[in-house]
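So the structure is just underneath, and the comments pick up after that.
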Amino acid sequence: MSKVFVPRDSAARSVGADEVAAALAKLGHEVVRNGSRGLLFLEPLVEVETKDGRIAYGPVTIDDVASLPIATAGAHTLRLGNIEDHPYLKNQERLTFARCGITDPVSVSDYVKLGGFDGLKKALGLAGAAIVAEVTESGLRGRGGAGFPTGIKWKTVLDARADQKYICCNADEGDSGTFADRMVMEGDPLMLIEGMTIAAIAVGATKGYVYIRSEYPDAIATMKEAIANAVAAKWLGANIQGTDKTFHLEVRRGAGAYICGEETAMLESLEGKRGTVRPKPPIPALEGLFGKPTVINNVLSFAAVPFILAEGGTAYKNYGMGRSRGTLPFQLAGNIRQGGLVEKAFGVTLRELVETFGGGTFTGKPIRAIQVGGPLGAYVPASQMDMPMDYETFAAAQAMVGHGGIVVFDETVDMAAQARFAMEFCAIESCGKCTPCRIGSTRGVEVIDKIVAGEDRDANLELLSDLCQTMTDGSLCAMGGLTPMPVMSAIKHFPEDFDKPAALAAE
Amino acid sequence: MSQKTTLLDLSPREATAAREIALRYGNRPDALLEILHDLQEHLGFIPEAALPALAKALNLSRAEVHGVVTFYHDYRREPAGRHVIKVCRAEACQSMGANELVSMIERFLKVKLGQTTADGAITLEAAYCLGNCALSPAVMVDDKLVGRVDAKKFETIVAECRS
């Protein structure tokens, strides 16, 4: 009987991977539940181990299982050939996701076999400052969306004097269109553990938390399993690999509050409090969790670190463009034919991602708008698809790369409704601490309703613009501060959607 | 003070459960979210009577515990149906017809988002991103994610919930 791989990733499970895996096991095959390769449009993706590599079939439904020629890995309408040669995978530049999808994600021995813990091994022999220097050299910027240089953040914590320091991983991936954090935690969780441990050694922290949103039960379970395995193999906990380095890591569940993806709200939540935003300063690097110096990074930032340590900061820096160095795992989502995870160096254009990898819309209708960077990111019109994915290029176009989430909309989208939703979402998820966000979002919904109804349209558009300016300038954090971005981009690029009654009257 | 005692006395089961779970976390106030999650898994919701017991165990004020319980969307103040179905209505799912899906589901189950069906089988809730944005629209049935949901798939889910 053959060795077959069926992902345990929750996206794969959401379209029947468990049932397919069970059916294959019933036929007597050895089934390994691997992470997902990120070709989510092909899930459940079944791979058969052969002497010529792993031959894939997908998307496999439970009804297809009986007809799959597993023993020979031969012809079938669902046969995709050697998965490593699939253009969707082959044309990527996978540094962070190099291992994801190959093995059982919680197996420490599999991880080590594929180069896992090479970065940590190196870090164990280095002084904190040398580790920070390597990360600084890589040019890595915070992958959560803000793009702050990771090395500078770490240096601040390293230089702070305190009896206790913390490492906190922000895994509250609440942005629609993003799932790369989830895929790391479900598909290669030991890499996140390694990255956080390197951070701990670098700055002198001994305790860390992974704050995972409760909407990700599979990620929570997999992280806990991986942490237990890492501790058992002495890669985590007291005296890591027999050295004097100690790092204890704990998973904490969120409780359904989008705002806890904001770093200071997350700290409050980790302290067991309401997730309200803290004013800055003090910055968390100096006064963070329980008032102690704290490194807070996104999952993808920590996940990039093992490569940087193992291969060197320069190797990472050699990818990318301008001040955006390295790679970003982009997430192709929404109305897209070939949705999934595409890790590419910065500089790839939005068009390459959406058309070459994504294959256009799922519905087959023309693309009208693409929201890049989550619910707080701008709606980019199809005419701007040739922009390279680069923090500065997007900022200059009043847009943002954010966490690399790309949500495609076809021509049926009503952009006034999308703008209204941005305000509505802010009203639902605002922590309520500052007025521009708490009240501005509700007023924003009302004003957009008036504009769409044709009530004093010009005056209300001006009022909306003024309200957005107030929210941008006056909000404590990015929730209220960036909600205007999708709203104003919708008005700027799709003004006709805000002018419907008049347009109808003209017909 | 007497009222506090009465509440505890009226619901010894809830208060005891709250105290036991808090103790599992060493009565650490920073573990309040975890404690509330566990309590909700155990009892199905966060009963009013648990709050003073938790406050006492964690050395917090009742207002602080109440504040946390009411801040987070996950915690329910009353029991839910036997199954909870969360329907994603965030942007990626919207681009694949989530709003139409929500309307269809509401008509089919004869409840609005946030309500429970008359037979107590299903509580319907909105979610804002389930992380399945490449296989939209998505719903979550208890802890199980389902992608590419259409009317037919949803009817199967409901039938399973009711069986």
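Letters for chains follow the order of the structure tokens (A, B, ...), residue numbers begin at 1 for each chain, and ligand numbers begin at 1 in the order shown.
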query = Taking only C-alpha atoms into account, which residues of chain A are within 6 Å of chain B, as a list of chain:residue names?
reply = A:Ala11, A:Ser14, A:Val15, A:Ser176, A:Gly177, A:Phe179, A:Glu215, A:Ala255, A:Gly256, A:Ala257, A:Glu271, A:Gly272, A:Lys273, A:Arg274, A:Ala333, A:Gly334, A:Asn335, A:Gly339, A:Gly340, A:Val407, A:Phe409
task = Would you mind listing what lies within 9 Å of range 353-358 of chain A as a list in words, with only C-alpha atoms counted and same-chain residues fewer than 4 positions away left out?
result =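 The residues that qualify are Pro87, Tyr88, Asn91, Phe330, Leu332, Ala333, Ile336, Arg337, Gln338, Gly339, Gly340, Val342, Val348, Thr349, Met385, Ile406 and Val408 of chain A.
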Please produce a file of the residues just selected, as a PDB file, in the first residue's frame, where the atoms kept are C-alpha atoms.
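File produced: out_37.pdb:
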ATOM      1  CA  PRO A  87       3.518  26.299 -11.908  1.00  0.00           C
ATOM      2  CA  TYR A  88       1.556  27.791  -9.013  1.00  0.00           C
ATOM      3  CA  ASN A  91       6.993  30.080  -9.700  1.00  0.00           C
ATOM      4  CA  PHE A 330       0.469  36.942  -0.352  1.00  0.00           C
ATOM      5  CA  LEU A 332      -5.239  35.401  -2.921  1.00  0.00           C
ATOM      6  CA  ALA A 333      -8.812  35.526  -1.752  1.00  0.00           C
ATOM      7  CA  ILE A 336     -10.684  34.463  -7.499  1.00  0.00           C
ATOM      8  CA  ARG A 337     -10.380  31.300  -9.556  1.00  0.00           C
ATOM      9  CA  GLN A 338      -7.153  30.021  -8.034  1.00  0.00           C
ATOM     10  CA  GLY A 339      -7.148  31.264  -4.473  1.00  0.00           C
ATOM     11  CA  GLY A 340      -4.316  30.359  -2.167  1.00  0.00           C
ATOM     12  CA  VAL A 342       1.679  32.814  -3.017  1.00  0.00           C
ATOM     13  CA  VAL A 348       5.768  41.323  -7.927  1.00  0.00           C
ATOM     14  CA  THR A 349       2.847  43.206  -9.435  1.00  0.00           C
ATOM     15  CA  MET A 385      -3.063  46.404 -11.158  1.00  0.00           C
ATOM     16  CA  ILE A 406      -5.698  40.382  -1.638  1.00  0.00           C
ATOM     17  CA  VAL A 408     -10.814  40.358  -5.575  1.00  0.00           C
TER      18      VAL A 408
END
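Compared by their closest atoms to Arg24 in chain B, and using only C-alpha atoms, the residues B:Leu43, B:Gln115, B:Pro12, B:Leu58 rank with B:Leu58 nearest.
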Separation of CA of Asp458 in chain A from CA of Leu376 in chain A, in Å and rounded to one decimal = 24.7 Å
message = For the structure I just gave you, how does DSSP split range 106-192 of chain A - specifically, which residues are alpha helix (DSSP H)? Reply as a count of residues only.
response = 46
ask   = With only C-alpha atoms as the basis for distance, which of A:Leu289, A:Cys468, A:Leu120, A:Met266 is at the shortest distance from Lys207 in chain A?
value = A:Leu289
task = Please provide as a PyMOL selection string all residues within 8 Å of Ala53 in chain B, with the sequence filter that same-chain residues fewer than 4 positions apart are discarded (counting only C-alpha atoms).
result = chain B and resi 8+15-16+18-19+49+57
Using C-alpha atoms, can you write the selected residues to a file as a PDB file, in the first residue's frame?
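Generated file (again_39.pdb):
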ATOM      1  CA  LEU B   8     -23.803  32.381  45.236  1.00  0.00           C
ATOM      2  CA  ALA B  15     -20.156  29.204  41.304  1.00  0.00           C
ATOM      3  CA  THR B  16     -18.367  25.958  42.075  1.00  0.00           C
ATOM      4  CA  ALA B  18     -16.163  28.947  38.186  1.00  0.00           C
ATOM      5  CA  ARG B  19     -14.010  28.496  41.288  1.00  0.00           C
ATOM      6  CA  ALA B  49     -23.860  33.792  39.267  1.00  0.00           C
ATOM      7  CA  ALA B  57     -11.165  33.967  43.185  1.00  0.00           C
TER       8      ALA B  57
END
request  = Please give the complete set of residues from chain B that DSSP, run on the backbone, assigns to strand (DSSP E or B), formatted as a PyMOL selection string.
outcome  = chain B and resi 83-88+116+122-127+139-141+144-146
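Proximity of A:Asn298, A:Ser36, A:Thr435, A:Thr156 to Val210 in chain A, computed with only C-alpha atoms, is greatest for A:Asn298.
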message = Could you tell me how far CA of Cys431 in chain A sits from CA of Thr470 in chain A, in Å to one decimal place?
response =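 It comes out at 17.3 Å.
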request  = Write out as an MDAnalysis selection string the residues lying within 9 Å of Val413 in chain A, counting only C-alpha atoms and excluding same-chain residues fewer than 5 positions away.
outcome  = (chainID A and resid 368:369 418) or (chainID B and resid 95)
message = Excluding range 317-324 of chain A and its own-chain neighbours fewer than 4 positions away, which residues fall within 7 Å of it when counting only C-alpha atoms? Please give them as a list in words.
response = Ser138, Gly139, Gly313, Ala345, Phe346, Gly347, Asp390 and Tyr391 of chain A
Please save N, CA and C atoms of the selected residues as a PDB file, in the first residue's frame.
ATOM      1  N   SER A 138      18.789  42.031   7.575  1.00  0.00           N
ATOM      2  CA  SER A 138      17.855  41.400   6.625  1.00  0.00           C
ATOM      3  C   SER A 138      16.852  42.400   6.055  1.00  0.00           C
ATOM      4  N   GLY A 139      16.667  43.529   6.751  1.00  0.00           N
ATOM      5  CA  GLY A 139      15.692  44.509   6.291  1.00  0.00           C
ATOM      6  C   GLY A 139      14.256  44.104   6.586  1.00  0.00           C
ATOM      7  N   GLY A 313      21.241  37.380   7.106  1.00  0.00           N
ATOM      8  CA  GLY A 313      20.372  38.514   6.778  1.00  0.00           C
ATOM      9  C   GLY A 313      20.509  38.945   5.331  1.00  0.00           C
ATOM     10  N   ALA A 345       8.845  37.549  -3.691  1.00  0.00           N
ATOM     11  CA  ALA A 345       9.622  38.703  -3.257  1.00  0.00           C
ATOM     12  C   ALA A 345       8.794  39.958  -3.509  1.00  0.00           C
ATOM     13  N   PHE A 346       8.966  40.976  -2.693  1.00  0.00           N
ATOM     14  CA  PHE A 346       8.340  42.264  -2.945  1.00  0.00           C
ATOM     15  C   PHE A 346       8.740  42.718  -4.349  1.00  0.00           C
ATOM     16  N   GLY A 347       7.821  43.414  -5.008  1.00  0.00           N
ATOM     17  CA  GLY A 347       8.121  43.859  -6.362  1.00  0.00           C
ATOM     18  C   GLY A 347       7.261  43.156  -7.398  1.00  0.00           C
ATOM     19  N   ASP A 390       4.859  46.758  -2.894  1.00  0.00           N
ATOM     20  CA  ASP A 390       5.977  47.418  -2.213  1.00  0.00           C
ATOM     21  C   ASP A 390       5.340  48.414  -1.253  1.00  0.00           C
ATOM     22  N   TYR A 391       5.792  48.431  -0.025  1.00  0.00           N
ATOM     23  CA  TYR A 391       5.162  49.298   0.992  1.00  0.00           C
ATOM     24  C   TYR A 391       5.051  50.741   0.505  1.00  0.00           C
TER      25      TYR A 391
END
Neighbour list for Met104 in chain B as a compact mmCIF listing (two decimals) with C-alpha atoms, in the first residue's frame, cut-off 10 Å, only C-alpha atoms, skip fewer than 5 positions in-chain:
# COMPACT_ATOMS: atom_id res chain seq x y z
CA ALA B 98 -22.06 36.18 1.56
CA ASN B 99 -24.81 38.76 1.93
CA LEU B 109 -33.89 28.81 9.39
CA LYS B 110 -36.56 31.44 10.06
CA ASP B 150 -24.12 27.10 -1.15
CA ALA B 151 -27.78 26.37 -0.48
CA PHE B 154 -26.11 24.45 3.94
